[in-house]
$ cat run.tsv   # TSV, N, CA and C atoms
chain	number	residue	atom	x	y	z
A	628	MET	N	0.85	-1.18	0.00
A	628	MET	CA	0.00	0.00	0.00
A	628	MET	C	0.90	1.24	0.00
A	629	THR	N	0.57	2.18	-0.87
A	629	THR	CA	1.36	3.40	-0.95
A	629	THR	C	1.05	4.30	0.25
A	630	ILE	N	1.87	5.30	0.43
A	630	ILE	CA	1.65	6.25	1.53
A	630	ILE	C	0.33	6.99	1.30
A	631	SER	N	0.04	7.37	0.06
A	631	SER	CA	-1.22	8.06	-0.26
A	631	SER	C	-2.42	7.19	0.08
A	632	GLN	N	-2.34	5.92	-0.26
A	632	GLN	CA	-3.44	5.01	0.04
A	632	GLN	C	-3.60	4.85	1.54
A	633	GLN	N	-2.49	4.78	2.27
A	633	GLN	CA	-2.55	4.64	3.72
A	633	GLN	C	-3.18	5.88	4.36
A	634	VAL	N	-2.83	7.06	3.85
A	634	VAL	CA	-3.42	8.30	4.36
A	634	VAL	C	-4.92	8.30	4.11
A	635	LEU	N	-5.33	7.91	2.91
A	635	LEU	CA	-6.76	7.86	2.59
A	635	LEU	C	-7.48	6.84	3.46
A	636	LEU	N	-6.89	5.68	3.67
A	636	LEU	CA	-7.49	4.65	4.50
A	636	LEU	C	-7.64	5.13	5.94
A	637	THR	N	-6.61	5.76	6.46
A	637	THR	CA	-6.66	6.29	7.82
A	637	THR	C	-7.75	7.36	7.95
A	638	ASP	N	-7.85	8.23	6.96
A	638	ASP	CA	-8.89	9.27	6.95
A	638	ASP	C	-10.27	8.64	6.91
A	639	LEU	N	-10.46	7.65	6.05
A	639	LEU	CA	-11.75	6.97	5.94
A	639	LEU	C	-12.11	6.28	7.26
A	640	GLN	N	-11.17	5.60	7.86
A	640	GLN	CA	-11.42	4.92	9.13
A	640	GLN	C	-11.80	5.92	10.22
A	641	SER	N	-11.17	7.05	10.22
A	641	SER	CA	-11.48	8.10	11.20
A	641	SER	C	-12.89	8.64	11.00
A	642	ARG	N	-13.26	8.87	9.75
A	642	ARG	CA	-14.61	9.38	9.46
A	642	ARG	C	-15.69	8.37	9.83
A	643	VAL	N	-15.43	7.10	9.55
A	643	VAL	CA	-16.38	6.05	9.89
A	643	VAL	C	-16.52	5.94	11.41
A	644	ALA	N	-15.41	5.98	12.12
A	644	ALA	CA	-15.45	5.89	13.58
A	644	ALA	C	-16.25	7.04	14.19
A	645	ALA	N	-16.18	8.21	13.57
A	645	ALA	CA	-16.87	9.39	14.09
A	645	ALA	C	-18.39	9.27	14.01
A	646	VAL	N	-18.89	8.49	13.06
A	646	VAL	CA	-20.35	8.37	12.89
A	646	VAL	C	-20.86	6.97	13.19
A	647	ARG	N	-19.99	6.08	13.62
A	647	ARG	CA	-20.37	4.68	13.84
A	647	ARG	C	-21.56	4.54	14.79
A	648	ASP	N	-21.49	5.15	15.95
A	648	ASP	CA	-22.57	5.01	16.93
A	648	ASP	C	-23.89	5.54	16.39
A	649	GLU	N	-23.82	6.63	15.66
A	649	GLU	CA	-25.03	7.21	15.07
A	649	GLU	C	-25.64	6.27	14.03
A	650	ILE	N	-24.80	5.68	13.19
A	650	ILE	CA	-25.27	4.75	12.17
A	650	ILE	C	-25.90	3.51	12.80
A	651	VAL	N	-25.26	3.00	13.83
A	651	VAL	CA	-25.79	1.82	14.53
A	651	VAL	C	-27.15	2.16	15.15
A	652	ALA	N	-27.28	3.35	15.73
A	652	ALA	CA	-28.55	3.77	16.34
A	652	ALA	C	-29.67	3.86	15.29
A	653	VAL	N	-29.35	4.39	14.12
A	653	VAL	CA	-30.35	4.48	13.05
A	653	VAL	C	-30.76	3.08	12.59
A	654	ARG	N	-29.79	2.21	12.41
A	654	ARG	CA	-30.10	0.83	12.00
A	654	ARG	C	-31.00	0.15	13.03
A	655	ARG	N	-30.68	0.31	14.29
A	655	ARG	CA	-31.49	-0.30	15.35
A	655	ARG	C	-32.90	0.28	15.37
A	656	ASP	N	-33.01	1.59	15.16
A	656	ASP	CA	-34.32	2.23	15.12
A	656	ASP	C	-35.16	1.69	13.97
A	657	LEU	N	-34.55	1.57	12.80
A	657	LEU	CA	-35.28	1.06	11.63
A	657	LEU	C	-35.74	-0.39	11.87
A	658	HIS	N	-34.90	-1.19	12.48
A	658	HIS	CA	-35.26	-2.58	12.74
A	658	HIS	C	-36.29	-2.70	13.86
A	659	ALA	N	-36.34	-1.72	14.74
A	659	ALA	CA	-37.33	-1.73	15.83
A	659	ALA	C	-38.71	-1.32	15.33
A	660	HIS	N	-38.76	-0.71	14.15
A	660	HIS	CA	-40.04	-0.24	13.58
A	660	HIS	C	-40.15	-0.72	12.13
A	661	PRO	N	-40.27	-2.03	11.93
A	661	PRO	CA	-40.34	-2.55	10.56
A	661	PRO	C	-41.61	-2.09	9.84
A	662	GLU	N	-41.49	-1.90	8.55
A	662	GLU	CA	-42.62	-1.51	7.71
A	662	GLU	C	-42.67	-2.44	6.52
A	663	LEU	N	-43.87	-2.80	6.11
A	663	LEU	CA	-44.04	-3.67	4.96
A	663	LEU	C	-43.69	-2.93	3.68
A	664	GLY	N	-43.34	-3.70	2.65
A	664	GLY	CA	-42.98	-3.13	1.36
A	664	GLY	C	-44.03	-2.17	0.83
A	665	TRP	N	-43.57	-1.05	0.32
A	665	TRP	CA	-44.37	0.03	-0.25
A	665	TRP	C	-45.19	0.77	0.80
A	666	HIS	N	-44.87	0.55	2.09
A	666	HIS	CA	-45.54	1.26	3.18
A	666	HIS	C	-44.49	1.83	4.14
A	667	GLU	N	-43.31	2.14	3.62
A	667	GLU	CA	-42.19	2.59	4.43
A	667	GLU	C	-42.24	4.10	4.66
A	668	VAL	N	-43.36	4.60	5.17
A	668	VAL	CA	-43.56	6.03	5.36
A	668	VAL	C	-42.61	6.56	6.44
A	669	ARG	N	-42.54	5.88	7.57
A	669	ARG	CA	-41.68	6.32	8.67
A	669	ARG	C	-40.21	6.28	8.24
A	670	THR	N	-39.82	5.22	7.58
A	670	THR	CA	-38.44	5.07	7.12
A	670	THR	C	-38.09	6.19	6.13
A	671	THR	N	-38.98	6.46	5.20
A	671	THR	CA	-38.75	7.51	4.21
A	671	THR	C	-38.57	8.86	4.90
A	672	GLU	N	-39.41	9.14	5.89
A	672	GLU	CA	-39.32	10.42	6.60
A	672	GLU	C	-38.02	10.52	7.39
A	673	LEU	N	-37.60	9.44	8.01
A	673	LEU	CA	-36.35	9.44	8.76
A	673	LEU	C	-35.17	9.76	7.83
A	674	ILE	N	-35.15	9.11	6.68
A	674	ILE	CA	-34.07	9.33	5.72
A	674	ILE	C	-34.14	10.75	5.14
A	675	ARG	N	-35.35	11.21	4.85
A	675	ARG	CA	-35.52	12.58	4.32
A	675	ARG	C	-34.95	13.60	5.30
A	676	LYS	N	-35.30	13.47	6.57
A	676	LYS	CA	-34.83	14.42	7.58
A	676	LYS	C	-33.31	14.41	7.69
A	677	ARG	N	-32.71	13.24	7.62
A	677	ARG	CA	-31.25	13.14	7.72
A	677	ARG	C	-30.58	13.78	6.51
A	678	LEU	N	-31.16	13.60	5.34
A	678	LEU	CA	-30.59	14.21	4.13
A	678	LEU	C	-30.73	15.73	4.18
A	679	VAL	N	-31.87	16.23	4.64
A	679	VAL	CA	-32.06	17.68	4.79
A	679	VAL	C	-31.04	18.23	5.78
A	680	ALA	N	-30.84	17.54	6.90
A	680	ALA	CA	-29.87	17.98	7.91
A	680	ALA	C	-28.46	18.03	7.33
A	681	ALA	N	-28.20	17.20	6.32
A	681	ALA	CA	-26.89	17.18	5.67
A	681	ALA	C	-26.77	18.26	4.59
A	682	GLY	N	-27.83	19.05	4.42
A	682	GLY	CA	-27.79	20.13	3.45
A	682	GLY	C	-28.26	19.75	2.06
A	683	LEU	N	-28.89	18.60	1.94
A	683	LEU	CA	-29.38	18.13	0.64
A	683	LEU	C	-30.86	18.42	0.49
A	684	SER	N	-31.39	18.20	-0.70
A	684	SER	CA	-32.81	18.49	-0.99
A	684	SER	C	-33.50	17.25	-1.55
A	685	PRO	N	-33.80	16.29	-0.69
A	685	PRO	CA	-34.47	15.08	-1.16
A	685	PRO	C	-35.92	15.36	-1.56
A	686	GLN	N	-36.40	14.58	-2.50
A	686	GLN	CA	-37.79	14.69	-2.96
A	686	GLN	C	-38.47	13.35	-2.72
A	687	VAL	N	-39.50	13.35	-1.87
A	687	VAL	CA	-40.25	12.13	-1.60
A	687	VAL	C	-41.06	11.80	-2.85
A	688	LEU	N	-41.11	10.54	-3.19
A	688	LEU	CA	-41.85	10.09	-4.36
A	688	LEU	C	-43.35	10.28	-4.16
A	689	PRO	N	-44.12	10.41	-5.23
A	689	PRO	CA	-45.55	10.65	-5.12
A	689	PRO	C	-46.31	9.59	-4.27
A	690	THR	N	-45.76	8.40	-4.20
A	690	THR	CA	-46.41	7.35	-3.41
A	690	THR	C	-46.28	7.60	-1.91
A	691	GLY	N	-45.38	8.52	-1.53
A	691	GLY	CA	-45.16	8.80	-0.11
A	691	GLY	C	-44.09	7.91	0.51
A	692	THR	N	-43.63	6.95	-0.25
A	692	THR	CA	-42.55	6.10	0.22
A	692	THR	C	-41.42	6.14	-0.79
A	693	GLY	N	-40.19	6.18	-0.26
A	693	GLY	CA	-39.03	6.28	-1.13
A	693	GLY	C	-38.79	7.74	-1.50
A	694	LEU	N	-37.58	8.02	-1.92
A	694	LEU	CA	-37.24	9.37	-2.30
A	694	LEU	C	-36.06	9.36	-3.26
A	695	ILE	N	-35.84	10.51	-3.85
A	695	ILE	CA	-34.67	10.71	-4.70
A	695	ILE	C	-33.92	11.93	-4.20
A	696	CYS	N	-32.64	11.95	-4.45
A	696	CYS	CA	-31.84	13.09	-4.00
A	696	CYS	C	-30.63	13.22	-4.90
A	697	ASP	N	-30.43	14.38	-5.49
A	697	ASP	CA	-29.26	14.64	-6.32
A	697	ASP	C	-28.22	15.35	-5.48
$ encode --input "run.tsv" --output "structure tokens"
Amino acid sequence: MTISQQVLLTDLQSRVAAVRDEIVAVRRDLHAHPELGWHEVRTTELIRKRLVAAGLSPQVLPTGTGLICD
């Protein structure tokens, strides 16, 4: 592994470690509130809010479940 690759790997590991607990909490929350296919309203809203908080502009699909974000 080159020095550049090692620097990138170390940076990536640091970024992942910084959000690990948050990601685990979201996964646990989603699994604690399962939704049947095409009825994922709560899941869609959770993801929409997180994307908005990240400064993005997600658009919920007309069905109310699922979204797109550029």
$ residues_around --input "run.tsv" --residues "stretch 666-679 of chain A" --least-positions-apart "2" --cutoff "8 Å" --atoms "only N, CA and C atoms" --output "list of chain:residue names"
A:Leu657, A:His660, A:Pro661, A:Glu662, A:Leu663, A:Gly664, A:Ala681, A:Gly682, A:Leu683, A:Ser684, A:Pro685, A:Gln686, A:Val687, A:Thr690, A:Gly691, A:Thr692, A:Gly693, A:Leu694
$ select_by_dssp --input "run.tsv" --residues "chain A" --states "alpha helix (DSSP H)" --output "ChimeraX atom specification"
/A:630-659,668-680
$ atom_distance --input "run.tsv" --atom1 "atom N of A:Arg654" --atom2 "atom N of A:Asp697"
21.7 Å
$ atom_distance --input "run.tsv" --atom1 "atom N of A:Ala645" --atom2 "atom CA of A:Ala680"
17.7 Å
$ atom_distance --input "run.tsv" --atom1 "atom C of A:Ser631" --atom2 "atom N of A:Asp648"
24.9 Å
$ select_by_dssp --input "run.tsv" --residues "chain A" --states "strand (DSSP E or B)" --output "VMD selection string"
chain A and resid 686 to 687 694 to 695
